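Asker: This is the structure I have questions about; it appears just below.
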Amino acid sequence: MSPTPSPSARPISEALLNRNRFRFLGLTPGEIIKYFFNGNAVVAIVVLALITIFLFREGAGFFGQNMQNLRIYRLAGLEYVDFIRRQVDEHTAMNRALNESRLAQFNRLTAAGRTVEEVNTALAPFDAFATAFGDSVEDVRGVLSDLTEVATAIKQKDQVNRDRLEQKAMLLGAGKSDEADKITVTPVDFAKETVTLKGTFPACQAANQQFAGKLQAALATAPAMPEAKLQKQIDTVQAQAQALIASLPEIERQMQEWKHDAPIPLSRSFTSFLFGRQWLTASFWQDWYGIIPLFVGSLLVSIIALTIAVPLGVSAAIYVSEIASVREKNFIKPCIEFISAIPSVVLGFFGIAMLGTALRALSQVSWLSWFPGFPMSERLNSLTAGCLLALMAVPTIFSLAEDALNNVPKHFKEASYALGANRFQTIVRILVPASLSGIISAILLGFGRVIGETMVVLLCAGNRIAIPNFTEGLGAFFQPVHTMTGIIAQEMGEVVTGSIHYRALFMVGIVLFLLSLGINYVAQLIVRRYRISIG
Amino acid sequence: MNPTDTKTMQSATADPDSADAAAPAMIEVENLDFFYGQAQALHDVSIRIPANKVTAFIGPSGCGKSTLLRCFNRMNDLIDVARIDAGRIKIHGVDIHHADVDVIALRRQVGMVFQKSNPFPKSIYENITYGLQIQGVKDRKQLDEVVEKSLRGAALWDEVKDRLHTSGLGLSGGQQQRLCIARAIAVEPSIILMDEPCSALDPIATSKVEELIQQLKTKYTIVIVTHNMQQAGRCSDQTAFFYLGKLIEYSKTEKIFTNPAQKQTEDYITGRFG
Amino acid sequence: MHAPANPFAGQKSSSRSIERVAFGVCRSATYFILLCAACIFGTILFKGAGTVFQTTAPFINVPFLTQAPETLFVFEHEGVKMKMGDKEFRRFKEEKGLPDIAAESYVYSSGGIFPCIVGTVLLVVGSMFIALFIGISSAIYLNEYSTHGRFVTFIRLAILNLAGVPSIVFGLFGVGLFVAFMPLLQNFDNPAAPTLPVGFGHYLNFSGWNVCLLSGWFTLAFMALPVVITASEESLKAVPMGFREGSLALGATKWQSIRTNVLPYALPGMLTSSILGIARVAGETAPIMFTAAYVVRDKMPWDVERPLDMLFQGVMALPYHIYVVSSKIPQNEYTERVQYGAAFVFLVIVMGIALTSILLRIKMRARYRW
């Protein structure tokens with residue numbers, strides 16, 4: 001540096017020019033630094049892209065494998081056997097209903113002060129009916145178990161073949177062709193194998209006839225019930241049984257028409273995943289990967305959580321942003337923020353250890369018994385999980401809704417006050433409508449947080465893979481469910497990498513991922529609209 | 001001579017009334033068109049700013065005077081949508097947008113004082129030496145000298161010499177602004193740009209800064225943007241009047257204020273609009 | 001004599017009482033939330049305190065914090081009911097010369113949770129460094145360097161969407177990428193995985209890092225990224241533009257002005273608000289279940305032959321341990337001790353981090369005002 005500014009033009013123009021700046025790969029240091037930071041910012045895009053790529057990379061194989069799974073189901077005749085199995089299953093369900101109604105009668109009579117022997121004698125006609133009803137299916141059951149064995153054997157054979165092929169390919173890949181040659185693979189002749197299955201058709205028909213006859217006979221002996229409610233139960237069973245008998249010819253027709261090599265449309269692989277009502281894995285018979293029970297479970301738990309969290313979160317937001325004093329505000333806001341940091345596994349543990357038991361105890365209080373679904377049969381159910389998830393959703397909903405309320409221009413509020421409205425009227429008529437889209441997007445993001453939450457539902461939702469019985473009305477909210485997040489967490493650790501089950505779990509992950517993106521997108525869309533409407 | 005006739009460069013820059021016509025031009029602007037995105041902020045501006053004089057830019061808000069000022073040290077580079085479509089700016093005969101011109105070196109030569117005083121939240125001493133330290137000057141003695149010289153130059157030394165190591169934010173508004181001037185002259189630029197330096201100051205602080213400007217012009221070329229016509233009259237040698245992105249009139253200050261050539265200038269100065 | 005009616009007198013109208021009731025409802029909803037949270041904290045702290053503290057000096061149950069989990073044996077010996085951990089039980093059998101004592105065993109119910117604490121701390125610290133480094137750098141780019149354009153919009157969109165991705169999906173992603181795909185530099189050609197020869201007899205085998213610290217770090221770090229970036233950007237925005245302009249006008253390069261006049265003032269804010277996000281991530285279980293956590297591991301993380309091996313090993317982690325002891329093993333009176341104890345310690349660690357962050361932020365807001 002020259003000690004004084006030079007009056008002449010030369011040094012200044014010289015100072016401005018800098019011809020030999022340091023460069024590396026054609027970049028100045030400033031540019032290098034810029035690209036370094038730029039690179040880090042790109043990580044966000046890269047991660048999102050990688051998530052997409054790897055989910056799809058691992059999940060994509062599912063459809064092929066599921067197709068194979070469905071094809072074997074048909075080729076090996078499992079589908080054929082399931083025609084009869086469904087018959088037996090329906091009968092079993094009716095039998096269970098009868099048992100339940102017997103238990104109800106038994107309880108009613110013992111409560112009336114009769115001894116056990118007296119009750120048993122009183123119920124003798126009913127028992128005779130129930131036994132006859134139960135036994136009517138025996139012939140069909142016999143046929144079913146024979147057929148099951150045959151079909152399983154075919155499937156087994158195919159599996160063995162497949163393993164051998166794989167082994168051979170591996171040996172060939174390793175260059176051990178002589179060893180590979182030793183492995184002989186004889187493809188299973190499904191046509192020949194399933195002939196045995198189809199050959200049993202007359203026997204099935206005969207068994208069905210027997211079954212229909214016996215069932216009719218049993219139904220004729222149905223005793224009259226002492227109470228309207230019980231009578232209704234029996235009537236339902238009657239109707240169901242009649243319907244089953246009526247459907248027998250149709251089932252037989254389907255069995256007759258069934259072909260082991262009938263083509264399966266490619267879309268079946270998708271539809272059986274997206275609309276499948278069964279998630280059944282590691283079963284001896286046939287695995288099903290249908291996401292519906294899990295999806296419904298996730299949805300049910302989220303609905304419960306939001307039903308609790310939305311009123312709480314939004315009113316807390318209104319309270320803090322409009323009503324509370326500054327001191328209260330400074331206390332409540334960090335506290336709620338603090339709640340969002342509670343680890344989900346601790347919440348889940350709390351649910352198992354305390355909340356589940358407490359809720360069930362509450363449901364057993366006699367003066368609450370009018371409530372549908374009370375008393376709860378399970379300690380861990382959708383309600384337990386939903387309550388805890390609500391606590392997780394509250395901070396999200398609260399802080400976003402509070403932001404939305406704060407963003408309402410001050411003059412809206414002032415104009416309302418100037419017209420003589422009181423604070424409540426201003427809140428309800430001006431503030432909430434003006435920030436409604438912000439609040440809705442807060443709720444949506446809360447929904448996203450809840451449906452993506454894992455540990456709480458894994459620990460507290462009861463983990464029963466079944467679509468809740470919505471015929472019970474509100475009672476459905478107290479049934480145990482399994483969720484999409486829960487199933488991944490529970491089964492991921494136990495599956496073989498690359499197996500169909502592994503890929504099915506990734507497919508569930510993809511559904512979750514797309515769902516979260518969708519929720520985000522809608523939330524942003526709403527917020528953007530909202531900004532324009534205010535501006 | 002019609003100063004707005006900018007098609008011929010000589011006509012706008014030469015000033016027949018001025019004895020400074022022969023003085024070396026420090027900054028030369030030639031036919032500058034400047035855009036913010038689609039909006040044109042400067043229309044075909046040409047101006048010659050002489051060395052060691054105070055030049056004032058006046059005009060109503062949004063007339064482009066600050067924009068032009070920020071072109072001189074390429075502060076507009078920081079704005080994404082800003083771009084120069086046509087024209088050149090030369091400082092000491094060097095086109096400042098030439099590929100070989102280092103913007104860093106340019107800004108060392110062209111200091112700037114902002115509308116809102118912006119001392120760094122560091123000590124007064126660190127504020128002054130910041131410009132030197134980023135150039136790698138570590139010599140404690142040299143830094144001490146520069147601090148004293150700059151603060152004396154900014155007429156602040158006597159007020160702060162006992163608390164050089166307290167925060168610059170602890171000073172009053174006027175002192176803060178003079179600190180910013182001291183900070184600017186510490187790196188020994190040849191030009192100092194001042195963007196409404198007194199708009200946030202009370203009259204007493206303003207008069208101190210104006211005094212300072214008079215002292216500084218012996219060593220530096222000063223360009224000052226101001227809203228305050230009295231200020232322009234009091235402390236500038238040359239005055240340029242801008243309106244709607246155009247240079248309307250540029251001449252000696254006395255002439256502009258006593259005998260403006262353009263009707264618009266006269267209207268503005270007499271307060272009929274703006 | 002009647003005073004003239006006061007036109008400004010409060011009117012007893014129904015709207016007044018509606019207002020009062022509505023405000024009451026809002027207030028009670030707010031405090032209900034706080035009450036629920038307090039209830040959960042209270043239960044876990046109260047019950048967990050029974051495990052972590054004791055009535056005799058040194059008042060803290062040191063073995064619980066410094067020992068590995070052990071199987072608990074409950075048996076009767078000479079008419080006395082005894083409870084012992086695995087090691088103690090074996091010693092006892094040797095001393096008494098009894099090879100077999102009929103005993104009921106309860107896994108993980110004795111001993112402590114030391115390896116879990118160590119694992120959690122390692123996971124949190126590692127992922128925190130990665131997340132802060134990438135996150136702060138990204139924020140600097142977005143706030144200081146980027147120009148408005150499609151590219152930046154795209155980055156922001158990605159960050160926004162990343163924030164909504166469920167934690168379990170991050171876990172799956174971790175499995176797909178880190179556990180099963182990332183390359184290892186090895187001196188042999190792994191036939192079971194795609195391989196890229198790099199010369200000198202070494203190969204990049206894309207066989208994945210397996211379940212290990214490194215996989216967990218990156219999975220957690222990527223999860224924390226959106227929060228860190230958003231928090232850091234906010235802190236950067238809070239630094240007045242004048243600091244940057246003033247510095248640039250003095251001839252500082254862009255990076256000099258960021259380094260000397262932006263980062264020093266933004267960094268404290270960045271760190272404190274990022275830490276809250278990190279606390280939330282530290283509390284997650286789902287992402288580490290398949291990427292970094294082991295149910296049980298006998299060796300401590302530092303029991304390795306080469307220092308680098310430390311990164312390529314799984315660890316025990318508190319959240320996963322809590323999950324295991326609260327749902328994977330049969331529940332009984334003996335498991336409660338370790339359940340509440342572990343939950344207590346974990347809660348204290350995570351909430352400690354969060355509390356520090358919140359308090360620091362409140363303090364900082366008061367200090368930095370310009």
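Letters for chains follow the order of the structure tokens (A, B, ...), residue numbers begin at 1 for each chain, and ligand numbers begin at 1 in the order shown.
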Write out as a list in words which residues come within 8 Å of region 239-245 of chain B when counting only C-alpha atoms, dropping same-chain ones fewer than 6 positions away.
Answerer: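 Listing them by chain and then by number gives Gln40, Ala41, Leu42, His43, Thr55, Ala56, Phe57, Ile58, Gly59, Pro60, Gly62, Cys63, Gly64, Lys65, Ala232, Ser251, Lys252, Thr253, Ile256 and Thr265 of chain B.
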Asker: Could you list, as a list of chain:residue names, every residue of chain C that has an atom within 10 Å of an atom of chain B, counting only C-alpha atoms?
Answerer: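 Here is what falls inside 10 Å: C:Glu144, C:Tyr145, C:Ser146, C:Thr147, C:His148, C:Gly149, C:Pro240, C:Met241, C:Gly242, C:Phe243, C:Arg244, C:Glu245, C:Gly246, C:Ser247, C:Leu248, C:Ala249, C:Leu250, C:Gly251, C:Ala252, C:Thr253, C:Lys254, C:Gln256, C:Ser257, C:Thr260, C:Asn261, C:Val262, C:Tyr265, C:Tyr368, C:Trp370.
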Asker: Pick the closest to chain A from C:Phe92, C:Phe73, C:Tyr141, C:Phe151: which is it, counting only C-alpha atoms?
Answerer: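 Ranked by minimum distance to chain A, first place goes to C:Tyr141.
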Asker: Rounded to one decimal place, report the CA of Ala261 (chain B)-CA of Lys217 (chain B) distance in Å.
Answerer: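 So the two atoms, CA of Ala261 (chain B) and CA of Lys217 (chain B), lie 26.7 Å apart.
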Asker: Enumerate as number ranges by chain all residues of region 90-311 of chain A assigned to alpha helix (DSSP H) by DSSP on the backbone, naming them with the chain letters and numbers the document uses.
Answerer: A: 90-111, 116-122, 124-135, 138-173, 177-182, 190-199, 201-220, 228-257, 267-274, 292-311
Asker: So which residues touch region 193-205 of chain C within 6 Å, counting only C-alpha atoms, skipping near sequence neighbours fewer than 4 positions away, as a ChimeraX atom specification?
Answerer: /C:183-187,189
Asker: As a VMD selection string, please: every residue in region 7-167 of chain B that DSSP puts in strand (DSSP E or B).
Answerer: chain B and resid 25 to 36 39 to 50 54 to 58 82 to 91 94 to 95 101 110 to 113 123 167
Asker: Limited to C-alpha atoms, could you put the picked residues into a file as a PDB file, in the first residue's frame?
Answerer:
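Resulting contents of selection28.pdb:
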```pdb
ATOM      1  CA  ALA B  25     -12.036  13.699 -15.038  1.00  0.00           C
ATOM      2  CA  MET B  26     -12.006  11.085 -12.306  1.00  0.00           C
ATOM      3  CA  ILE B  27     -15.144   9.295 -13.382  1.00  0.00           C
ATOM      4  CA  GLU B  28     -16.493   9.244 -16.885  1.00  0.00           C
ATOM      5  CA  VAL B  29     -19.852   7.735 -17.664  1.00  0.00           C
ATOM      6  CA  GLU B  30     -20.724   7.201 -21.272  1.00  0.00           C
ATOM      7  CA  ASN B  31     -24.267   6.520 -22.485  1.00  0.00           C
ATOM      8  CA  LEU B  32     -25.207   4.253 -19.606  1.00  0.00           C
ATOM      9  CA  ASP B  33     -28.406   2.218 -19.807  1.00  0.00           C
ATOM     10  CA  PHE B  34     -29.192   0.371 -16.606  1.00  0.00           C
ATOM     11  CA  PHE B  35     -31.967  -2.123 -15.894  1.00  0.00           C
ATOM     12  CA  TYR B  36     -33.496  -3.815 -12.875  1.00  0.00           C
ATOM     13  CA  ALA B  39     -37.475  -1.871 -15.565  1.00  0.00           C
ATOM     14  CA  GLN B  40     -35.002   0.629 -16.949  1.00  0.00           C
ATOM     15  CA  ALA B  41     -33.524   2.678 -14.122  1.00  0.00           C
ATOM     16  CA  LEU B  42     -31.059   4.812 -16.081  1.00  0.00           C
ATOM     17  CA  HIS B  43     -31.545   6.130 -19.585  1.00  0.00           C
ATOM     18  CA  ASP B  44     -28.510   6.973 -21.620  1.00  0.00           C
ATOM     19  CA  VAL B  45     -26.650   8.798 -18.867  1.00  0.00           C
ATOM     20  CA  SER B  46     -23.339  10.476 -19.594  1.00  0.00           C
ATOM     21  CA  ILE B  47     -21.429  12.481 -17.039  1.00  0.00           C
ATOM     22  CA  ARG B  48     -17.850  13.531 -16.242  1.00  0.00           C
ATOM     23  CA  ILE B  49     -16.975  13.908 -12.612  1.00  0.00           C
ATOM     24  CA  PRO B  50     -13.855  15.926 -11.945  1.00  0.00           C
ATOM     25  CA  VAL B  54     -17.572  17.434  -4.458  1.00  0.00           C
ATOM     26  CA  THR B  55     -20.243  16.424  -6.915  1.00  0.00           C
ATOM     27  CA  ALA B  56     -23.835  16.228  -5.700  1.00  0.00           C
ATOM     28  CA  PHE B  57     -26.568  14.123  -7.300  1.00  0.00           C
ATOM     29  CA  ILE B  58     -30.006  15.507  -6.622  1.00  0.00           C
ATOM     30  CA  ALA B  82     -29.382  -5.602 -12.094  1.00  0.00           C
ATOM     31  CA  ARG B  83     -27.613  -5.278 -15.423  1.00  0.00           C
ATOM     32  CA  ILE B  84     -25.982  -2.709 -17.636  1.00  0.00           C
ATOM     33  CA  ASP B  85     -27.225  -2.931 -21.182  1.00  0.00           C
ATOM     34  CA  ALA B  86     -25.178  -0.247 -22.873  1.00  0.00           C
ATOM     35  CA  GLY B  87     -22.566   2.332 -22.067  1.00  0.00           C
ATOM     36  CA  ARG B  88     -19.354   2.417 -20.115  1.00  0.00           C
ATOM     37  CA  ILE B  89     -18.037   3.707 -16.850  1.00  0.00           C
ATOM     38  CA  LYS B  90     -14.406   4.694 -16.737  1.00  0.00           C
ATOM     39  CA  ILE B  91     -12.458   5.527 -13.661  1.00  0.00           C
ATOM     40  CA  VAL B  94     -10.105   2.375 -17.078  1.00  0.00           C
ATOM     41  CA  ASP B  95     -13.391   0.723 -17.981  1.00  0.00           C
ATOM     42  CA  VAL B 101     -10.517  -5.172 -13.641  1.00  0.00           C
ATOM     43  CA  VAL B 110     -13.780   3.717  -4.611  1.00  0.00           C
ATOM     44  CA  GLY B 111     -14.930   3.911  -0.997  1.00  0.00           C
ATOM     45  CA  MET B 112     -18.543   4.181  -0.012  1.00  0.00           C
ATOM     46  CA  VAL B 113     -20.535   5.595   2.864  1.00  0.00           C
ATOM     47  CA  SER B 123     -14.593  -2.149  18.374  1.00  0.00           C
ATOM     48  CA  SER B 167     -17.922  -1.181  20.342  1.00  0.00           C
TER      49      SER B 167
END
```
Asker: Excluding Ile526 (chain A) and any residue of its chain fewer than 2 positions from it, enumerate the residues within 8 Å of it, using only C-alpha atoms, and give them as a ChimeraX atom specification.
Answerer: /A:437-438,440-441,522-524,528-530
Asker: Counting only C-alpha atoms, what is within 7 Å of region 291-305 of chain C, bar same-chain residues fewer than 2 positions away, as an mmCIF file with N, CA, C and O atoms, in the first residue's frame?
Answerer:
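This went into around12.cif:
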```cif
data_model
loop_
_atom_site.group_PDB
_atom_site.id
_atom_site.type_symbol
_atom_site.label_atom_id
_atom_site.label_comp_id
_atom_site.auth_asym_id
_atom_site.auth_seq_id
_atom_site.Cartn_x
_atom_site.Cartn_y
_atom_site.Cartn_z
ATOM 1 N N PRO C 115 -23.395 -49.248 27.443
ATOM 2 C CA PRO C 115 -23.112 -49.277 25.993
ATOM 3 C C PRO C 115 -24.137 -48.504 25.179
ATOM 4 O O PRO C 115 -23.802 -47.928 24.142
ATOM 5 N N GLY C 171 -35.075 -44.485 7.165
ATOM 6 C CA GLY C 171 -34.465 -45.754 7.564
ATOM 7 C C GLY C 171 -34.329 -46.688 6.368
ATOM 8 O O GLY C 171 -33.265 -47.276 6.151
ATOM 9 N N GLY C 174 -31.663 -45.521 4.180
ATOM 10 C CA GLY C 174 -30.369 -45.869 4.758
ATOM 11 C C GLY C 174 -30.016 -47.317 4.458
ATOM 12 O O GLY C 174 -28.871 -47.632 4.130
ATOM 13 N N VAL C 175 -30.998 -48.194 4.559
ATOM 14 C CA VAL C 175 -30.754 -49.604 4.253
ATOM 15 C C VAL C 175 -30.366 -49.759 2.789
ATOM 16 O O VAL C 175 -29.379 -50.397 2.451
ATOM 17 N N VAL C 179 -26.359 -49.227 3.906
ATOM 18 C CA VAL C 179 -26.143 -50.585 4.401
ATOM 19 C C VAL C 179 -25.878 -51.552 3.246
ATOM 20 O O VAL C 179 -25.040 -52.439 3.351
ATOM 21 N N VAL C 211 -24.573 -52.699 8.768
ATOM 22 C CA VAL C 211 -25.121 -51.966 9.910
ATOM 23 C C VAL C 211 -23.944 -51.389 10.690
ATOM 24 O O VAL C 211 -23.177 -52.139 11.283
ATOM 25 N N CYS C 212 -23.777 -50.096 10.645
ATOM 26 C CA CYS C 212 -22.619 -49.508 11.317
ATOM 27 C C CYS C 212 -22.851 -48.049 11.651
ATOM 28 O O CYS C 212 -23.814 -47.427 11.195
ATOM 29 N N LEU C 213 -21.949 -47.518 12.462
ATOM 30 C CA LEU C 213 -22.021 -46.120 12.883
ATOM 31 C C LEU C 213 -22.134 -45.186 11.689
ATOM 32 O O LEU C 213 -22.959 -44.278 11.679
ATOM 33 N N SER C 215 -23.229 -45.626 8.642
ATOM 34 C CA SER C 215 -24.560 -45.638 8.017
ATOM 35 C C SER C 215 -25.543 -44.825 8.849
ATOM 36 O O SER C 215 -26.333 -44.043 8.325
ATOM 37 N N GLY C 216 -25.487 -45.027 10.165
ATOM 38 C CA GLY C 216 -26.398 -44.320 11.055
ATOM 39 C C GLY C 216 -26.155 -42.825 11.021
ATOM 40 O O GLY C 216 -27.098 -42.032 10.993
ATOM 41 N N PRO C 287 -34.970 -44.530 12.080
ATOM 42 C CA PRO C 287 -33.904 -44.510 11.075
ATOM 43 C C PRO C 287 -32.696 -45.346 11.464
ATOM 44 O O PRO C 287 -31.945 -45.778 10.589
ATOM 45 N N ILE C 288 -32.467 -45.534 12.764
ATOM 46 C CA ILE C 288 -31.259 -46.281 13.125
ATOM 47 C C ILE C 288 -31.531 -47.765 13.354
ATOM 48 O O ILE C 288 -30.602 -48.542 13.472
ATOM 49 N N MET C 289 -32.807 -48.141 13.379
ATOM 50 C CA MET C 289 -33.137 -49.539 13.660
ATOM 51 C C MET C 289 -32.402 -50.503 12.747
ATOM 52 O O MET C 289 -31.922 -51.542 13.186
ATOM 53 N N PRO C 307 -8.285 -48.206 14.231
ATOM 54 C CA PRO C 307 -9.199 -47.116 14.602
ATOM 55 C C PRO C 307 -10.346 -46.954 13.600
ATOM 56 O O PRO C 307 -11.470 -46.644 13.973
ATOM 57 N N ASP C 309 -11.937 -49.145 12.018
ATOM 58 C CA ASP C 309 -12.989 -50.143 12.196
ATOM 59 C C ASP C 309 -14.115 -49.628 13.079
ATOM 60 O O ASP C 309 -15.236 -50.118 13.025
ATOM 61 N N MET C 310 -13.783 -48.645 13.897
ATOM 62 C CA MET C 310 -14.779 -48.094 14.807
ATOM 63 C C MET C 310 -15.996 -47.593 14.027
ATOM 64 O O MET C 310 -17.124 -47.692 14.494
ATOM 65 N N GLY C 314 -21.637 -51.746 14.308
ATOM 66 C CA GLY C 314 -22.902 -51.292 14.878
ATOM 67 C C GLY C 314 -22.714 -50.969 16.349
ATOM 68 O O GLY C 314 -21.728 -51.353 16.965
ATOM 69 N N VAL C 315 -23.659 -50.240 16.893
ATOM 70 C CA VAL C 315 -23.590 -49.917 18.314
ATOM 71 C C VAL C 315 -24.939 -50.214 18.950
ATOM 72 O O VAL C 315 -25.936 -50.383 18.266
ATOM 73 N N MET C 316 -24.955 -50.256 20.264
ATOM 74 C CA MET C 316 -26.251 -50.287 20.945
ATOM 75 C C MET C 316 -26.683 -48.843 21.109
ATOM 76 O O MET C 316 -25.864 -47.959 21.294
ATOM 77 N N ALA C 317 -27.970 -48.609 21.027
ATOM 78 C CA ALA C 317 -28.427 -47.228 21.168
ATOM 79 C C ALA C 317 -29.600 -47.196 22.130
ATOM 80 O O ALA C 317 -30.414 -48.120 22.164
ATOM 81 N N TYR C 320 -33.286 -47.577 20.773
ATOM 82 C CA TYR C 320 -33.570 -48.934 20.322
ATOM 83 C C TYR C 320 -33.664 -49.878 21.512
ATOM 84 O O TYR C 320 -34.496 -50.784 21.544
ATOM 85 N N HIS C 321 -32.809 -49.629 22.513
ATOM 86 C CA HIS C 321 -32.846 -50.464 23.708
ATOM 87 C C HIS C 321 -34.195 -50.314 24.424
ATOM 88 O O HIS C 321 -34.768 -51.294 24.873
#
```
Asker: Within 8 Å of Val140 (chain A), counting only C-alpha atoms, which residues show up once you throw out same-chain ones fewer than 2 positions away? Write them as a ChimeraX atom specification, please.
Answerer: /A:84,88,137-138,142-144,204,207-208,211
Asker: For the atom pair CA of Met194 (chain B) and CA of Asp158 (chain B), what is the interatomic distance in Å to one decimal place?
Answerer: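 So the answer is 23.3 Å.
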Asker: Go through chain C and flag each residue having an atom no more than 7 Å from chain A; for those, report the closest pair of atoms plus their distance in Å to one decimal, using only C-alpha atoms, ordered by chain and rising number, as a tab-separated table.
Answerer:
```
residue	atom	partner	partner_atom	distance
C:Glu19	CA	A:Phe424	CA	5.3
C:Cys26	CA	A:Ser315	CA	4.9
C:Arg27	CA	A:Tyr319	CA	6.1
C:Ala29	CA	A:Leu312	CA	5.3
C:Thr30	CA	A:Ala316	CA	4.6
C:Ala37	CA	A:Ile339	CA	6.7
C:Ile134	CA	A:Asn40	CA	5.5
C:Ser137	CA	A:Phe37	CA	5.2
C:Ser138	CA	A:Ala41	CA	3.9
C:Ile140	CA	A:Phe37	CA	6.8
C:Tyr141	CA	A:Phe37	CA	5.1
C:Tyr145	CA	A:Lys34	CA	6.8
C:Ile155	CA	A:Ile45	CA	5.9
C:Ala158	CA	A:Ile45	CA	5.4
C:Ile159	CA	A:Ala44	CA	5.8
C:Asn161	CA	A:Leu517	CA	6.2
C:Leu162	CA	A:Leu48	CA	6.4
C:Gly164	CA	A:Ser516	CA	6.0
C:Val165	CA	A:Ser516	CA	5.8
C:Pro166	CA	A:Gly452	CA	4.4
C:Ser167	CA	A:Gly452	CA	6.8
C:Ile168	CA	A:Thr485	CA	6.4
C:Val169	CA	A:Gly509	CA	5.7
C:Phe173	CA	A:Ile51	CA	5.5
C:Gly176	CA	A:Phe54	CA	5.7
C:Leu177	CA	A:Phe54	CA	6.5
C:Trp255	CA	A:Gly30	CA	6.7
C:Ala279	CA	A:Ala341	CA	6.4
C:Arg280	CA	A:Ala341	CA	4.8
C:Gly283	CA	A:Pro343	CA	4.3
C:Glu284	CA	A:Pro343	CA	6.3
C:Thr285	CA	A:Val345	CA	6.8
C:Ala286	CA	A:Thr454	CA	6.5
C:Phe290	CA	A:Gly493	CA	6.6
C:Pro319	CA	A:Val345	CA	6.2
C:Tyr323	CA	A:Val345	CA	6.6
C:Ser326	CA	A:Phe349	CA	6.3
C:Ser327	CA	A:Leu459	CA	6.7
C:Ala343	CA	A:Val346	CA	6.0
C:Met351	CA	A:Ala341	CA	6.8
C:Ala354	CA	A:Ala341	CA	6.7
C:Ile358	CA	A:Pro334	CA	6.9
```
Asker: Excluding Gly276 (chain A) and any residue of its chain fewer than 2 positions from it, enumerate the residues within 10 Å of it, using only C-alpha atoms, and give them as a PyMOL selection string.
Answerer: chain A and resi 268-274+278-279+288-293
Asker: Which residue is closest to chain A? Choose from B:Ile181, B:Ile269, B:Ile224, B:Val137 and count only C-alpha atoms.
Answerer: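 Of all the options, B:Val137 lies closest to chain A.
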Asker: Rounded to one decimal, what separation in Å do you get between CA of Ala224 (chain A) and CA of Gln210 (chain A)?
Answerer: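 One can read the CA of Ala224 (chain A) to CA of Gln210 (chain A) distance as 25.4 Å.
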